[in-house]
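Reproduced below: my_file.cif, with mmCIF, C-alpha atoms and all ligand atoms.
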data_upload
#
loop_
_atom_site.label_atom_id
_atom_site.label_comp_id
_atom_site.auth_asym_id
_atom_site.auth_seq_id
_atom_site.Cartn_x
_atom_site.Cartn_y
_atom_site.Cartn_z
CA MET K 1 13.31 15.76 -29.44
CA LYS K 2 10.47 14.83 -27.11
CA ILE K 3 10.98 15.89 -23.48
CA GLY K 4 8.61 15.14 -20.64
CA ILE K 5 7.49 12.95 -17.77
CA ASP K 6 9.24 9.59 -17.74
CA LYS K 7 8.06 8.45 -14.30
CA ILE K 8 5.68 9.67 -11.57
CA GLY K 9 5.79 8.67 -7.92
CA PHE K 10 3.57 9.76 -5.05
CA HIS K 11 3.55 9.55 -1.29
CA THR K 12 1.13 10.64 1.41
CA PRO K 13 1.25 9.98 5.18
CA HIS K 14 -0.42 6.86 6.57
CA LEU K 15 -2.93 8.80 8.66
CA TYR K 16 -6.08 10.69 7.65
CA VAL K 17 -9.12 12.34 9.17
CA ASP K 18 -12.60 11.90 7.70
CA MET K 19 -14.07 15.25 6.61
CA ASN K 20 -17.53 14.29 7.88
CA ASN K 21 -16.10 13.92 11.37
CA LEU K 22 -14.13 17.16 11.09
CA ALA K 23 -17.33 18.96 10.02
CA VAL K 24 -19.26 17.63 13.03
CA ALA K 25 -16.43 18.68 15.37
CA ARG K 26 -16.42 22.17 13.82
CA ASN K 27 -20.19 22.50 13.99
CA VAL K 28 -20.74 22.77 10.25
CA GLU K 29 -22.86 20.63 7.98
CA PRO K 30 -20.76 17.74 6.57
CA GLU K 31 -22.00 18.59 3.05
CA LYS K 32 -20.18 21.90 3.26
CA PHE K 33 -16.87 20.01 3.33
CA THR K 34 -17.79 17.03 1.13
CA ILE K 35 -19.83 18.92 -1.50
CA GLY K 36 -19.26 22.66 -0.98
CA ILE K 37 -15.49 22.24 -0.79
CA GLY K 38 -15.33 18.75 -2.25
CA GLN K 39 -13.04 16.94 0.18
CA GLU K 40 -13.57 13.43 1.56
CA LYS K 41 -10.41 12.68 3.58
CA MET K 42 -7.53 14.85 4.73
CA ALA K 43 -4.02 13.42 5.07
CA VAL K 44 -2.54 13.98 8.53
CA PRO K 45 1.27 13.98 8.70
CA PRO K 46 2.75 12.45 11.87
CA ILE K 47 5.73 14.28 13.33
CA THR K 48 7.97 11.65 11.69
CA GLN K 49 7.08 12.98 8.21
CA ASP K 50 8.11 16.36 6.83
CA PRO K 51 8.41 17.72 3.26
CA VAL K 52 11.85 16.08 2.92
CA THR K 53 10.69 12.58 3.91
CA LEU K 54 7.46 12.84 1.89
CA ALA K 55 9.45 13.75 -1.23
CA ALA K 56 12.09 11.08 -0.62
CA ASN K 57 9.39 8.42 -0.14
CA ALA K 58 7.65 9.53 -3.36
CA ALA K 59 10.90 9.27 -5.33
CA LEU K 60 12.02 6.03 -3.71
CA GLU K 61 9.26 4.00 -5.37
CA ILE K 62 10.14 5.08 -8.93
CA LEU K 63 13.92 5.35 -9.18
CA ASP K 64 16.02 2.46 -10.50
CA GLU K 65 19.83 2.22 -10.58
CA GLU K 66 19.99 3.81 -14.04
CA ASP K 67 18.00 6.83 -12.84
CA LYS K 68 20.28 7.18 -9.80
CA GLU K 69 23.28 7.31 -12.12
CA LYS K 70 21.79 9.58 -14.77
CA ILE K 71 19.97 12.12 -12.61
CA ASP K 72 22.26 15.15 -12.55
CA PHE K 73 19.74 17.78 -11.46
CA VAL K 74 17.39 17.64 -8.48
CA ILE K 75 14.85 20.45 -8.21
CA PHE K 76 12.72 20.54 -5.07
CA GLY K 77 9.57 22.68 -5.28
CA THR K 78 8.06 23.48 -1.90
CA GLU K 79 6.41 26.23 0.09
CA SER K 80 6.77 24.46 3.42
CA GLY K 81 10.55 24.02 3.33
CA ILE K 82 12.44 23.24 6.51
CA ASP K 83 15.41 25.58 6.14
CA HIS K 84 15.85 29.14 4.86
CA SER K 85 19.29 28.30 3.50
CA LYS K 86 19.90 24.63 2.70
CA SER K 87 17.84 23.08 -0.07
CA ALA K 88 15.48 20.28 0.99
CA GLY K 89 16.67 18.55 -2.19
CA VAL K 90 20.14 17.96 -0.78
CA TYR K 91 18.71 15.75 1.99
CA VAL K 92 16.67 13.83 -0.59
CA HIS K 93 19.70 13.47 -2.86
CA HIS K 94 21.55 11.80 0.02
CA LEU K 95 18.63 9.68 1.26
CA LEU K 96 18.15 8.23 -2.24
CA GLY K 97 21.84 7.63 -2.89
CA LEU K 98 21.98 9.71 -6.09
CA ASP K 99 25.22 10.27 -8.00
CA SER K 100 27.19 13.10 -6.42
CA HIS K 101 27.84 14.84 -9.78
CA ALA K 102 24.48 16.59 -9.66
CA ARG K 103 23.06 20.07 -9.14
CA THR K 104 20.50 20.30 -6.35
CA ILE K 105 18.29 23.29 -5.58
CA GLU K 106 15.00 24.29 -3.98
CA VAL K 107 12.58 26.58 -5.83
CA LYS K 108 9.71 28.59 -4.39
CA GLN K 109 6.63 30.32 -5.75
CA ALA K 110 3.79 28.94 -3.64
CA CYS K 111 2.01 26.04 -5.36
CA TYR K 112 3.68 26.88 -8.70
CA GLY K 113 7.14 25.65 -7.58
CA ALA K 114 7.04 22.18 -9.15
CA THR K 115 5.85 23.63 -12.47
CA ALA K 116 8.79 26.06 -12.48
CA ALA K 117 10.99 23.04 -11.75
CA ILE K 118 9.55 21.08 -14.69
CA GLN K 119 10.11 23.97 -17.10
CA MET K 120 13.70 24.34 -15.85
CA ALA K 121 14.17 20.59 -16.22
CA LYS K 122 12.95 20.78 -19.83
CA GLY K 123 15.63 23.34 -20.62
CA HIS K 124 18.28 21.22 -18.93
CA ILE K 125 17.31 18.11 -20.92
CA ALA K 126 17.25 20.11 -24.17
CA LEU K 127 20.92 20.96 -23.54
CA ASN K 128 21.82 17.56 -22.05
CA PRO K 129 19.61 14.94 -23.73
CA LYS K 130 21.19 11.99 -21.91
CA SER K 131 20.57 13.47 -18.45
CA ARG K 132 17.56 12.94 -16.26
CA VAL K 133 16.11 15.47 -13.82
CA LEU K 134 14.33 14.61 -10.58
CA VAL K 135 11.55 17.11 -9.87
CA LEU K 136 9.93 17.02 -6.43
CA GLY K 137 6.78 18.81 -5.29
CA SER K 138 6.31 18.25 -1.58
CA ASP K 139 4.34 20.10 1.06
CA ILE K 140 2.37 20.05 4.26
CA ALA K 141 -0.59 22.43 4.04
CA ARG K 142 -1.24 24.00 7.44
CA TYR K 143 -3.79 26.74 8.06
CA GLY K 144 -4.50 26.03 11.73
CA LEU K 145 -7.17 24.37 13.85
CA ASN K 146 -10.60 25.99 13.65
CA THR K 147 -9.66 28.26 10.73
CA SER K 148 -11.65 28.56 7.48
CA GLY K 149 -8.70 27.05 5.60
CA GLU K 150 -8.56 24.01 7.92
CA ALA K 151 -10.77 21.88 5.66
CA THR K 152 -8.29 22.46 2.82
CA GLN K 153 -5.19 21.15 4.60
CA GLY K 154 -3.35 18.01 3.50
CA ALA K 155 0.13 16.51 3.06
CA GLY K 156 1.98 14.64 0.36
CA ALA K 157 4.55 14.69 -2.40
CA VAL K 158 4.88 13.91 -6.06
CA ALA K 159 8.19 12.93 -7.67
CA LEU K 160 8.72 13.18 -11.43
CA VAL K 161 11.60 12.05 -13.59
CA ILE K 162 11.94 14.40 -16.58
CA SER K 163 13.86 13.02 -19.54
CA ALA K 164 14.17 12.83 -23.32
CA ASP K 165 11.89 10.26 -25.00
CA PRO K 166 9.66 10.10 -21.90
CA LYS K 167 7.58 7.00 -21.28
CA ILE K 168 4.49 8.72 -19.87
CA MET K 169 3.91 12.21 -21.25
CA ALA K 170 5.73 14.45 -23.75
CA LEU K 171 5.40 18.11 -22.81
CA GLU K 172 4.52 20.42 -25.67
CA ASP K 173 6.45 23.65 -26.18
CA GLN K 174 3.56 26.13 -26.26
CA SER K 175 2.74 27.49 -22.85
CA ALA K 176 1.17 30.66 -21.43
CA TYR K 177 2.15 32.19 -18.11
CA LEU K 178 1.41 35.21 -15.98
CA THR K 179 2.74 37.03 -12.90
CA ALA K 180 1.01 39.67 -10.75
CA ASP K 181 1.96 40.93 -7.27
CA ILE K 182 -1.09 40.14 -5.11
CA MET K 183 -1.65 39.08 -1.49
CA ASP K 184 -4.09 36.19 -1.67
CA PHE K 185 -2.05 33.65 0.28
CA TRP K 186 1.35 33.99 1.94
CA ARG K 187 3.39 32.65 4.84
CA PRO K 188 5.81 35.09 6.49
CA ILE K 189 9.05 33.44 7.63
CA TYR K 190 8.07 33.74 11.30
CA SER K 191 4.88 31.72 10.89
CA ASP K 192 4.41 27.98 10.46
CA LYS K 193 0.85 28.55 9.28
CA ALA K 194 -0.30 30.22 6.07
CA PHE K 195 -2.32 33.44 5.89
CA VAL K 196 -5.01 33.39 3.26
CA ASP K 197 -7.71 35.66 1.92
CA GLY K 198 -9.78 32.71 0.74
CA LYS K 199 -12.39 34.48 -1.37
CA PHE K 200 -9.82 36.75 -3.06
CA SER K 201 -7.61 33.74 -3.69
CA ASN K 202 -10.47 31.88 -5.38
CA GLU K 203 -11.20 34.90 -7.61
CA GLN K 204 -7.56 35.30 -8.60
CA TYR K 205 -7.18 31.60 -9.35
CA ILE K 206 -10.04 31.85 -11.83
CA LEU K 207 -8.89 35.20 -13.25
CA PHE K 208 -5.38 33.82 -13.84
CA PHE K 209 -6.88 30.74 -15.44
CA SER K 210 -8.96 32.76 -17.89
CA LYS K 211 -5.95 34.94 -18.79
CA VAL K 212 -3.52 32.07 -19.43
CA TRP K 213 -6.17 30.04 -21.25
CA GLU K 214 -6.88 32.98 -23.59
CA ALA K 215 -3.16 33.59 -24.09
CA TYR K 216 -2.62 29.88 -24.82
CA LYS K 217 -5.40 29.86 -27.40
CA GLU K 218 -3.87 32.91 -29.09
CA LYS K 219 -0.52 31.13 -29.34
CA THR K 220 -2.02 27.90 -30.72
CA ASP K 221 -5.11 27.04 -32.73
CA HIS K 222 -6.29 24.69 -30.00
CA GLY K 223 -9.72 24.72 -28.39
CA LEU K 224 -11.64 22.43 -26.02
CA LYS K 225 -12.07 19.79 -28.77
CA ASP K 226 -8.29 19.19 -28.70
CA PHE K 227 -8.24 18.20 -25.03
CA GLU K 228 -9.13 14.84 -23.56
CA ALA K 229 -8.88 16.36 -20.07
CA ILE K 230 -7.70 19.45 -18.25
CA CYS K 231 -6.02 18.95 -14.87
CA TYR K 232 -5.90 21.72 -12.32
CA HIS K 233 -3.96 22.75 -9.28
CA LEU K 234 -6.45 21.71 -6.61
CA PRO K 235 -6.35 23.49 -3.24
CA TYR K 236 -9.69 21.68 -2.88
CA THR K 237 -11.55 19.81 -5.57
CA LYS K 238 -14.42 22.28 -6.04
CA MET K 239 -11.88 24.94 -7.06
CA GLY K 240 -10.78 23.36 -10.34
CA MET K 241 -14.39 22.64 -11.30
CA LYS K 242 -15.24 26.32 -10.86
CA ALA K 243 -12.43 27.24 -13.26
CA LEU K 244 -13.36 24.54 -15.78
CA LYS K 245 -16.99 25.71 -15.80
CA THR K 246 -15.91 29.16 -17.00
CA ILE K 247 -14.76 27.73 -20.37
CA LEU K 248 -17.12 24.80 -20.97
CA ASP K 249 -19.50 26.88 -23.10
CA GLU K 250 -16.71 27.24 -25.66
CA GLY K 251 -17.20 23.58 -26.60
CA THR K 252 -19.87 21.21 -27.86
CA GLU K 253 -22.09 19.08 -25.58
CA GLU K 254 -19.64 16.22 -26.15
CA ASP K 255 -16.68 18.39 -25.09
CA LYS K 256 -18.56 19.43 -21.95
CA GLU K 257 -19.40 15.88 -20.99
CA ARG K 258 -15.91 14.53 -21.68
CA LEU K 259 -14.09 17.30 -19.83
CA SER K 260 -16.49 17.28 -16.86
CA ALA K 261 -16.33 13.49 -16.49
CA ASN K 262 -12.54 13.44 -16.76
CA TYR K 263 -12.25 16.34 -14.33
CA LYS K 264 -14.08 14.26 -11.74
CA ILE K 265 -11.62 11.38 -12.19
CA SER K 266 -8.65 13.73 -12.06
CA ALA K 267 -9.83 15.13 -8.72
CA ASP K 268 -10.30 11.76 -7.01
CA TYR K 269 -6.86 11.37 -5.38
CA ASN K 270 -6.90 15.03 -4.30
CA ARG K 271 -10.34 14.53 -2.76
CA ASN K 272 -8.82 11.84 -0.54
CA VAL K 273 -5.54 13.57 0.33
CA GLY K 274 -6.31 17.29 0.58
CA ASN K 275 -4.12 20.12 -0.61
CA ILE K 276 -0.48 19.20 -1.19
CA TYR K 277 0.38 22.65 -2.64
CA THR K 278 3.25 22.14 -5.15
CA GLY K 279 2.37 18.53 -5.89
CA SER K 280 -1.37 19.10 -6.18
CA LEU K 281 -1.60 19.55 -9.98
CA TYR K 282 0.56 16.46 -10.54
CA LEU K 283 -1.46 14.42 -8.06
CA SER K 284 -4.50 15.34 -10.14
CA LEU K 285 -2.70 14.23 -13.32
CA LEU K 286 -1.76 10.98 -11.59
CA SER K 287 -5.37 10.44 -10.50
CA LEU K 288 -6.52 10.81 -14.11
CA LEU K 289 -3.84 8.55 -15.58
CA GLU K 290 -4.20 5.81 -12.99
CA GLN K 291 -7.98 5.81 -12.65
CA LYS K 292 -9.16 6.27 -16.23
CA GLU K 293 -8.21 2.96 -17.71
CA ASP K 294 -9.40 3.76 -21.25
CA LEU K 295 -7.46 7.03 -21.58
CA GLU K 296 -5.77 6.65 -24.95
CA ALA K 297 -2.15 7.25 -25.83
CA GLY K 298 -1.90 10.32 -28.04
CA SER K 299 -4.45 12.23 -25.92
CA ARG K 300 -3.63 15.84 -25.13
CA ILE K 301 -3.94 16.80 -21.46
CA GLY K 302 -4.07 20.46 -20.34
CA LEU K 303 -2.36 21.45 -17.09
CA TYR K 304 -3.21 24.59 -15.12
CA SER K 305 -0.73 25.54 -12.43
CA TYR K 306 -1.39 28.36 -9.96
CA GLY K 307 0.84 29.58 -7.15
CA SER K 308 -0.59 32.34 -4.99
CA GLY K 309 1.15 35.66 -4.86
CA ALA K 310 0.84 34.93 -7.86
CA VAL K 311 2.09 33.03 -10.91
CA GLY K 312 -0.12 30.96 -13.21
CA GLU K 313 0.68 28.80 -16.23
CA PHE K 314 -1.25 26.73 -18.73
CA PHE K 315 0.70 24.07 -20.60
CA THR K 316 0.04 20.72 -22.22
CA GLY K 317 1.31 17.20 -22.71
CA ILE K 318 0.66 14.25 -25.01
CA LEU K 319 0.31 10.76 -23.54
CA GLN K 320 2.90 8.36 -24.92
CA PRO K 321 2.34 4.85 -26.34
CA HIS K 322 2.01 2.19 -23.59
CA TYR K 323 2.21 4.87 -20.88
CA ARG K 324 0.00 2.78 -18.55
CA GLU K 325 2.73 0.16 -18.23
CA TYR K 326 4.93 2.70 -16.49
CA LEU K 327 2.45 3.78 -13.81
CA HIS K 328 2.47 2.43 -10.25
CA VAL K 329 -1.25 1.86 -9.84
CA GLU K 330 -0.94 -1.12 -7.51
CA GLN K 331 1.39 0.64 -5.06
CA HIS K 332 -0.88 3.68 -4.94
CA THR K 333 -4.03 1.63 -4.44
CA LYS K 334 -2.25 -0.07 -1.52
CA LEU K 335 -0.99 3.26 -0.17
CA PHE K 336 -4.59 4.55 -0.01
CA SER K 337 -6.18 1.36 1.31
CA SER K 338 -3.63 0.82 4.08
CA ARG K 339 -4.11 4.25 5.65
CA THR K 340 -5.36 4.53 9.23
CA GLU K 341 -8.18 6.86 10.22
CA VAL K 342 -7.60 9.12 13.22
CA THR K 343 -10.28 10.84 15.27
CA VAL K 344 -10.54 14.62 15.33
CA PRO K 345 -8.96 14.86 18.84
CA GLU K 346 -6.11 12.61 17.66
CA TYR K 347 -5.61 14.80 14.57
CA GLU K 348 -5.57 17.91 16.77
CA GLU K 349 -2.95 16.38 19.04
CA ILE K 350 -0.78 15.43 16.05
CA PHE K 351 -1.23 18.91 14.57
CA GLU K 352 -0.05 20.62 17.77
CA LYS K 353 2.98 18.35 18.17
CA THR K 354 5.88 20.18 16.54
CA LEU K 355 9.66 19.94 16.67
CA PRO K 356 11.48 21.99 19.33
CA ILE K 357 12.78 25.35 18.10
CA ASP K 358 14.95 26.13 21.14
CA GLY K 359 17.90 23.95 20.15
CA SER K 360 16.91 21.06 22.38
CA SER K 361 17.09 17.50 21.07
CA LEU K 362 14.22 15.12 20.46
CA GLU K 363 14.21 11.47 19.47
CA LEU K 364 11.14 10.22 17.62
CA ASP K 365 9.67 6.75 17.46
CA ILE K 366 9.77 5.86 13.76
CA GLU K 367 8.56 2.28 14.24
CA LYS K 368 4.91 3.42 14.22
CA ASP K 369 5.41 5.10 10.83
CA PRO K 370 5.26 2.54 7.98
CA ALA K 371 7.09 4.86 5.55
CA ASN K 372 10.58 3.77 4.51
CA ILE K 373 12.07 7.22 5.01
CA CYS K 374 11.31 8.99 8.27
CA LEU K 375 12.39 11.87 10.44
CA ALA K 376 13.96 10.25 13.51
CA GLY K 377 14.46 13.41 15.53
CA ILE K 378 16.39 16.62 15.88
CA LYS K 379 19.80 17.10 17.43
CA ASP K 380 21.97 20.25 17.60
CA ASN K 381 19.36 21.97 15.39
CA MET K 382 19.85 19.32 12.70
CA ARG K 383 17.02 17.08 11.51
CA GLN K 384 17.95 13.40 11.68
CA TYR K 385 16.64 11.37 8.74
CA VAL K 386 16.55 7.59 8.39
CA ASN K 387 16.11 5.42 5.31
CA LYS K 388 14.97 2.11 6.86
CA LEU K 389 15.99 0.23 3.69
CA ARG K 390 19.66 1.06 4.12
N1 LIG Z 1 -23.99 21.90 1.43
C1 LIG Z 1 -23.35 22.11 0.25
N2 LIG Z 1 -22.53 23.17 0.04
C2 LIG Z 1 -22.34 24.04 1.06
C3 LIG Z 1 -22.97 23.86 2.31
C4 LIG Z 1 -23.84 22.74 2.47
N3 LIG Z 1 -24.47 22.49 3.61
N4 LIG Z 1 -22.60 24.89 3.11
C5 LIG Z 1 -21.76 25.67 2.40
N5 LIG Z 1 -21.61 25.16 1.15
C6 LIG Z 1 -20.77 25.68 0.05
C7 LIG Z 1 -20.83 27.16 -0.13
O1 LIG Z 1 -21.97 27.55 -0.87
C8 LIG Z 1 -19.55 27.41 -0.89
O2 LIG Z 1 -19.70 27.05 -2.23
P1 LIG Z 1 -19.26 28.07 -3.39
O3 LIG Z 1 -17.79 28.30 -3.20
O4 LIG Z 1 -19.54 27.33 -4.66
O5 LIG Z 1 -20.03 29.31 -3.23
C9 LIG Z 1 -18.59 26.38 -0.27
O6 LIG Z 1 -19.41 25.42 0.39
C10 LIG Z 1 -17.61 26.95 0.74
O7 LIG Z 1 -18.34 27.73 1.64
P2 LIG Z 1 -17.79 29.11 2.17
O8 LIG Z 1 -18.78 29.72 3.07
O9 LIG Z 1 -17.28 29.94 1.02
O10 LIG Z 1 -16.54 28.56 3.01
P3 LIG Z 1 -15.47 29.30 3.88
O11 LIG Z 1 -15.75 30.75 4.02
O12 LIG Z 1 -15.38 28.50 5.12
O13 LIG Z 1 -14.12 29.17 3.03
C11 LIG Z 1 -12.44 28.49 1.51
C12 LIG Z 1 -13.83 28.21 2.05
C13 LIG Z 1 -12.14 27.50 0.41
C14 LIG Z 1 -12.37 29.90 0.93
C15 LIG Z 1 -11.40 28.33 2.65
O14 LIG Z 1 -11.38 27.00 3.04
C16 LIG Z 1 -9.99 28.74 2.24
O15 LIG Z 1 -9.64 29.89 2.35
N6 LIG Z 1 -9.16 27.79 1.80
C17 LIG Z 1 -7.85 28.06 1.32
C18 LIG Z 1 -7.92 28.56 -0.09
C19 LIG Z 1 -6.66 28.26 -0.77
O16 LIG Z 1 -6.10 27.21 -0.58
N7 LIG Z 1 -6.15 29.16 -1.57
C20 LIG Z 1 -4.83 28.89 -2.08
C21 LIG Z 1 -4.64 29.31 -3.42
S1 LIG Z 1 -5.37 28.39 -4.62
#

Would you mind writing the structure in this file as structure tokens?
Ligand code: COA
Amino acid sequence: MKIGIDKIGFHTPHLYVDMNNLAVARNVEPEKFTIGIGQEKMAVPPITQDPVTLAANAALEILDEEDKEKIDFVIFGTESGIDHSKSAGVYVHHLLGLDSHARTIEVKQACYGATAAIQMAKGHIALNPKSRVLVLGSDIARYGLNTSGEATQGAGAVALVISADPKIMALEDQSAYLTADIMDFWRPIYSDKAFVDGKFSNEQYILFFSKVWEAYKEKTDHGLKDFEAICYHLPYTKMGMKALKTILDEGTEEDKERLSANYKISADYNRNVGNIYTGSLYLSLLSLLEQKEDLEAGSRIGLYSYGSGAVGEFFTGILQPHYREYLHVEQHTKLFSSRTEVTVPEYEEIFEKTLPIDGSSLELDIEKDPANICLAGIKDNMRQYVNKLR
């Protein structure tokens, strides 16, 4: 039985800051951000968007009535969750009007969360072939104003429906994974900003990649020639390229050219959104599928997932016949083109504006936010969500 990605949705806030302007404001050469780090625009979440609303908006665009009936497992991967106890998925389950006979959980392992969710979903579908699983990867990446990580912030969510006989990509069974207890990036529960040892994190990302790639090759007889593209978790777009470069010499000139060109396409959405942590790898996959019009069904795509702390995994999928018909290219083109640029001072003001943590109430103006699902405020320590379509 084939199991894999049946649908993919995506959402990012309607505001962004241009990296050239951020560079000027931070007194660094713009090329450092646009070439050295490889980011063009950084999504800026207004206070009316949080990981719950981003995920719900991403799922809203892809689910039909049949999905709502058949989804019996919601797995929410995030590392910027809003509650230490209640799963962010339960809010999304309600906001989308899913069938109540469902399991709903949140999973965490830094940016690896959504990959863990997909692998769990695969097992669930193997046991329950008629079910569908909604996997969400949603995050707001916050390092802080004037920090070295600032240029690698971002916000957004990817929603995936995992099912039998998937319309977009069948996931193959061979996979290689690795865990090691390291401190390259973490966020203690008392902090709303991440701590990161950037250089160490970059090294570990590449080290994990080489280990899981070698382990994958040992398990299979596959090499670079068998891949049309390899998509990476992208904290920033230069990162994946650095990892890809470490294996390119294993292939022919043709392999090098194909994989390098397709890498560039797969990094395009990420370049214009920034880091979305758990959803980042799947945003890269989406960028490849939606932007490379001649990508053929039957192609094998490699996927490298990395979650600091750290867990890494390399796995693969095969594109299904007519997969392009099931993408939402038009909606995503519109989502990108209708965004509004904010100035650096405006971004800083938005960044500093956070919800009260002293129990006081706050009502938010959701009319300015074009998203269908918004955070309308906080009352008695409970976030108030609104689905404008209901
Ligand atoms: N033109 C072109 N490139 C330039 C440049 C210029 N004018 N100025 C600098 N650069 C390049 C540097 O050479 C470097 O490239 P390299 O990585 O290939 O060597 C790159 O820009 C970044 O410069 P660097 O001095 O290393 O930046 P930094 O110390 O400010 O930190 C990060 C960059 C990425 C380490 C930092 O943003 C970070 O920690 N981000 C978070 C990392 C993360 O998300 N980890 C999570 C796990 S994956």

#### Entry: Contact residues around Val28 (chain K) with all atoms listed in the file at 12 Å, ignoring same-chain residues under 6 positions, as a list in words
Met19, Asn20, Asn21, Leu22, Thr34, Gly36, Asn146, Ser148 and Ala151 of chain K

### One-decimal distance in Å that lies between CA of Gly156 (chain K) and CA of Ala229 (chain K)
23.2 Å

### Query
Rounded to one decimal in Å, what is the spacing between CA of Ala116 (chain K) and CA of Lys193 (chain K)?
23.3 Å

### Query
Pick from K:Ile125, K:Met183, K:Ile37, K:Ile162: nearest to Ala110 (chain K), with all atoms listed in the file counted?
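The closest residue to Ala110 (chain K) is K:Met183.
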
#### Entry: atom O1 of ligand LIG 1 (chain Z) to CA of Phe200 (chain K), distance in Å rounded to a single decimal
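The value is 15.4 Å.
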
### Query
Looking at K:Gln291, K:Ser266, K:Gly309, K:Gln119, which one is nearest to Val196 (chain K), with distances taken over only C-alpha atoms?
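For Val196 (chain K), the nearest of the candidates is K:Gly309.
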
### Query
Which residue gives the smallest distance to ligand LIG 1 (chain Z) among K:Lys122, K:Lys2, K:His84, K:Lys242, with only C-alpha atoms and all ligand atoms counted?
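When distances to ligand LIG 1 (chain Z) are compared using only C-alpha atoms and all ligand atoms, the smallest one comes from K:Lys242.
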
### Query
Which residue, K:Lys167, K:Arg339, K:Lys68, K:Lys7, has the smallest gap to Ala297 (chain K) when you use all atoms listed in the file?
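Closest candidate: K:Lys167.
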
### Message
Applying 8 Å and all atoms listed in the file, which residues near Ile140 (chain K) remain after dropping the ones on its own chain fewer than 2 positions away? List them as JSON, numbers by chain.
### Response
{"K": [45, 50, 51, 80, 138, 142, 153, 154, 155, 156, 276, 277]}

### Task
List the neighbours of Asp67 (chain K) out to 9 Å using only C-alpha atoms; skip same-chain residues closer than 2 positions along the sequence, and give me the result as a list in words.
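Residues meeting the cut-off are Ile62, Leu63, Asp64, Glu65, Glu69, Lys70, Ile71, Leu98, Arg132, Val133, Leu134 and Val161 of chain K.
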
### Message
Just checking: using only C-alpha atoms and all ligand atoms, which residue out of K:Ile35, K:Leu364, K:Leu303, K:Leu60 ends up closest to ligand LIG 1 (chain Z)?
### Response
K:Ile35

### Task
Give the answer as one residue: which of K:Ala114, K:Val386, K:Asp192, K:Ile350 has the shortest atom-to-atom distance to Glu367 (chain K), using only C-alpha atoms?
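Looking only at the distances to Glu367 (chain K), the closest residue turns out to be K:Val386.
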
Neighbouring residues of Leu375 (chain K) were defined as those with any atom within 10 Å, considering only C-alpha atoms; residues of the same chain fewer than 2 positions away were excluded. Please report them as a compact mmCIF listing (two decimals) with C-alpha atoms, in the coordinates of the input.
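Output below, filename out32.txt:
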# COMPACT_ATOMS: atom_id res chain seq x y z
CA PRO K 46 2.75 12.45 11.87
CA ILE K 47 5.73 14.28 13.33
CA THR K 48 7.97 11.65 11.69
CA GLN K 49 7.08 12.98 8.21
CA ASP K 50 8.11 16.36 6.83
CA VAL K 52 11.85 16.08 2.92
CA THR K 53 10.69 12.58 3.91
CA LEU K 54 7.46 12.84 1.89
CA GLU K 363 14.21 11.47 19.47
CA LEU K 364 11.14 10.22 17.62
CA ASP K 365 9.67 6.75 17.46
CA ILE K 366 9.77 5.86 13.76
CA ASP K 369 5.41 5.10 10.83
CA ILE K 373 12.07 7.22 5.01
CA GLY K 377 14.46 13.41 15.53
CA ILE K 378 16.39 16.62 15.88
CA ARG K 383 17.02 17.08 11.51
CA GLN K 384 17.95 13.40 11.68
CA TYR K 385 16.64 11.37 8.74
CA VAL K 386 16.55 7.59 8.39
CA ASN K 387 16.11 5.42 5.31

### Query
Near Val212 (chain K), within 6 Å and counting all atoms listed in the file, which residues show up once chain neighbours fewer than 2 positions away are dropped, as a count of residues only?
8
